[in-house]
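These notes are about the structure you will find just below.
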Amino acid sequence: MAAHGKHRRPRRRPVSRGLAFAGTGGVALALPLVVPATAGAAPAAKATAAPAAVTPAAAVSAAQSAVPAAATKAPAAHAYTVVKGDSLSLIAQRKGIQGGWKALYRANKAAVGDNPSLIHPGLELTLRRDSAKAAPAPKKTEKAKTAARKSAAKPTSTGSAERASRSASRAAAPAARPAAVPAAPVAATRYADNLDGWIRESLDIMARYGIPGSYDGILRNVMRESSGNPRAINLWDSNAAKGTPSKGLLQVIDPTFTAYHVPGTSLDPYDPVANITAACNYAADRYGSIDNVNGAY
C-alpha cells in the first residue's frame with residue numbers, strides 16, 4: 001500500500017556516559033565510560049571497590065611474618081677413643097655431654113653393649129656435646145616497628161580513631177608481672193664421720209658419675225681388705241715389694257688411685273671417700289661393679 005508521503009526519520013541512538021572507578025593501590029581513579037544505550041548493550045561496569053584499609057594488628061602481623069626464623073643448628077658429632085681409667089660418667093663430665101653418662105650411653109649402646117659400666121681402652125665413642133636448641137622467637141625489626149606505629153597513627157575512619165588510640169595506649173603499657181620468689185637454698189647433706197657415713201657419701205658421688213655399686217658390696221670388700229681402718233697399709237705383699245703398697249679402706253695402690261681418682265674428692269689415697277670412690281671406679285672398669293668383687297682384686 002502506498003505511503004502517505006511521510007518518511008520516518010532515523011532515530012538517533014542516545015549515548016550514556018558513566019564513570020568507572022579503577023583502583024590503583026589505595027587511590028581510586030575516575031575514568032569516563034561511554035556505553036551505547038541499546039537493549040543488547042552490556043551493562044555499565046560496576047565501580048571497583050577500593051581495598052580495605054590495613055588495620056594496625058594486620059600490619060604488625062605482616063611485619064612479624066617478614067622476619068625469618070633463626071635456623072636451628074644440629075649438634076656436631078665427635079669421635080672419642082676410650083683410654084685407661086675412663087668411664088662414661090667421667091667422659092660425659094669432661095666433654096660437657098648434655099644428659100650426662102646416660103645420654104652418652106644411649107648414643108653408643110651398640111658399641112658399649114648391655115653393661116654401661118664396662119668400657120675398654122680403644123673403644124670408639126660418638127660424642128654429641130649438646131642437643132639442638134629451639135630457635136628464639138624472632139624480634140621485631142626497626143622497620144616493622146615503624147610500620148606498626150604508622151598504621152596505628154592512621155585510623156580507618158573517624159569513628160574508629162578513638163578506639164585505635166585507646167588500643168595503642170593499652171599496648172604501650174607493660175603487663176604487670178608477679179614478683180619473683182627467691183628459691184630456698186638447698187641444705188647440704190651431712191654424713192657421719194664413720195664407716196657408714198663414708199660409704200653413703202661415696203655412693204652419692206658415684207651416682208652423680210654413673211659408677212655402679214651398692215652399700216653391701218662396698219662394706220663386704222672394705223671389711224675383707226682393711227677391717228674398716230682408713231689408715232691400713234700392706235707392707236709385705238708383691239705391691240709393697242715394688243714400692244707401691246696397698247693403702248686405705250679398699251687397699252688401693254697409688255698408680256690405680258691416680259688413674260681412677262674421681263673428680264671432687266681428695267687427692268689423698270688414705271681419705272676414706274676418695275679411696276672408696278677410686279676403688280669402685282676401678283672395679284667398675286675391670287669387673288663391671290664392686291659388687292662383683294669377692295676376693296683380691
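How things are named: the first chain in the C-alpha cells is A, the next is B, and so on; residues count from 1 in each chain; ligands count from 1 in the order shown.
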Identify, on the basis of only C-alpha atoms, every residue whose closest approach to segment 206-210 of chain A does not exceed 10 Å; exclude the query and any residue fewer than 3 positions from it along the same chain; express the result as a compact mmCIF listing (two decimals) with N, CA and C atoms, in the first residue's frame.
# COMPACT_ATOMS: atom_id res chain seq x y z
N SER A 87 85.52 -43.76 82.30
CA SER A 87 84.17 -44.32 82.49
C SER A 87 83.23 -43.38 81.76
N LEU A 88 82.02 -43.84 81.49
CA LEU A 88 81.07 -42.99 80.77
C LEU A 88 80.79 -41.71 81.54
N SER A 89 80.75 -41.81 82.86
CA SER A 89 80.46 -40.60 83.65
C SER A 89 81.60 -39.60 83.57
N LEU A 90 82.85 -40.09 83.62
CA LEU A 90 84.00 -39.18 83.54
C LEU A 90 84.09 -38.53 82.17
N ILE A 91 83.84 -39.31 81.11
CA ILE A 91 83.88 -38.76 79.75
C ILE A 91 82.80 -37.71 79.58
N ALA A 92 81.57 -38.02 80.07
CA ALA A 92 80.45 -37.07 79.93
C ALA A 92 80.76 -35.77 80.66
N GLN A 93 81.41 -35.88 81.83
CA GLN A 93 81.73 -34.66 82.59
C GLN A 93 82.81 -33.84 81.88
N GLY A 100 74.45 -36.15 80.63
CA GLY A 100 75.37 -36.98 81.39
C GLY A 100 75.66 -38.32 80.75
N TRP A 101 76.11 -39.27 81.60
CA TRP A 101 76.55 -40.56 81.08
C TRP A 101 75.41 -41.36 80.46
N LYS A 102 74.15 -41.11 80.95
CA LYS A 102 73.02 -41.85 80.37
C LYS A 102 72.80 -41.49 78.91
N PRO A 116 76.73 -50.57 80.83
CA PRO A 116 77.34 -49.25 80.63
C PRO A 116 78.58 -49.04 81.48
N SER A 117 78.79 -49.90 82.48
CA SER A 117 79.95 -49.73 83.35
C SER A 117 81.20 -50.39 82.77
N ARG A 200 78.09 -44.02 102.52
CA ARG A 200 76.92 -43.31 101.98
C ARG A 200 77.34 -42.09 101.15
N GLU A 201 78.33 -41.36 101.61
CA GLU A 201 78.80 -40.22 100.83
C GLU A 201 79.42 -40.68 99.51
N SER A 202 80.16 -41.78 99.56
CA SER A 202 80.76 -42.33 98.34
C SER A 202 79.69 -42.76 97.34
N LEU A 203 78.61 -43.38 97.83
CA LEU A 203 77.53 -43.81 96.93
C LEU A 203 76.87 -42.62 96.25
N GLY A 213 77.56 -49.71 92.00
CA GLY A 213 77.99 -50.26 93.28
C GLY A 213 76.89 -50.13 94.31
N SER A 214 76.92 -50.98 95.33
CA SER A 214 75.89 -50.96 96.37
C SER A 214 76.56 -50.84 97.74
N VAL A 262 88.28 -39.95 91.34
CA VAL A 262 87.01 -39.32 90.94
C VAL A 262 87.09 -37.83 91.26
N PRO A 263 86.85 -36.96 90.26
CA PRO A 263 86.94 -35.51 90.48
C PRO A 263 86.05 -35.06 91.64
N ILE A 276 87.38 -45.05 98.55
CA ILE A 276 86.25 -45.90 98.14
C ILE A 276 85.85 -45.60 96.70
N THR A 277 85.69 -44.31 96.35
CA THR A 277 85.20 -43.98 95.00
C THR A 277 86.21 -44.37 93.93
N ALA A 278 87.52 -44.20 94.19
CA ALA A 278 88.53 -44.60 93.21
C ALA A 278 88.53 -46.11 93.03
N CYS A 280 86.02 -48.20 93.60
CA CYS A 280 84.79 -48.62 92.91
C CYS A 280 84.85 -48.26 91.42
N ASN A 281 85.47 -47.15 91.09
CA ASN A 281 85.63 -46.76 89.68
C ASN A 281 86.52 -47.78 88.96
N ALA A 284 84.58 -51.06 88.61
CA ALA A 284 83.57 -50.98 87.54
C ALA A 284 84.22 -51.16 86.18
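When only C-alpha atoms are used to compute distances to Thr126 of chain A, the closest of the residues A:Ile97, A:Ala79, A:Leu195, A:Ala110 turns out to be A:Ala79.
Comparing A:Glu124, A:Asp285, A:Asp254, A:Asp193 by their smallest distance to Tyr270 of chain A, the closest is A:Asp254 (using only C-alpha atoms).
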**Atom pair atom CA of Ser227 of chain A / atom CA of Leu250 of chain A: separation (Å)** = 9.4 Å
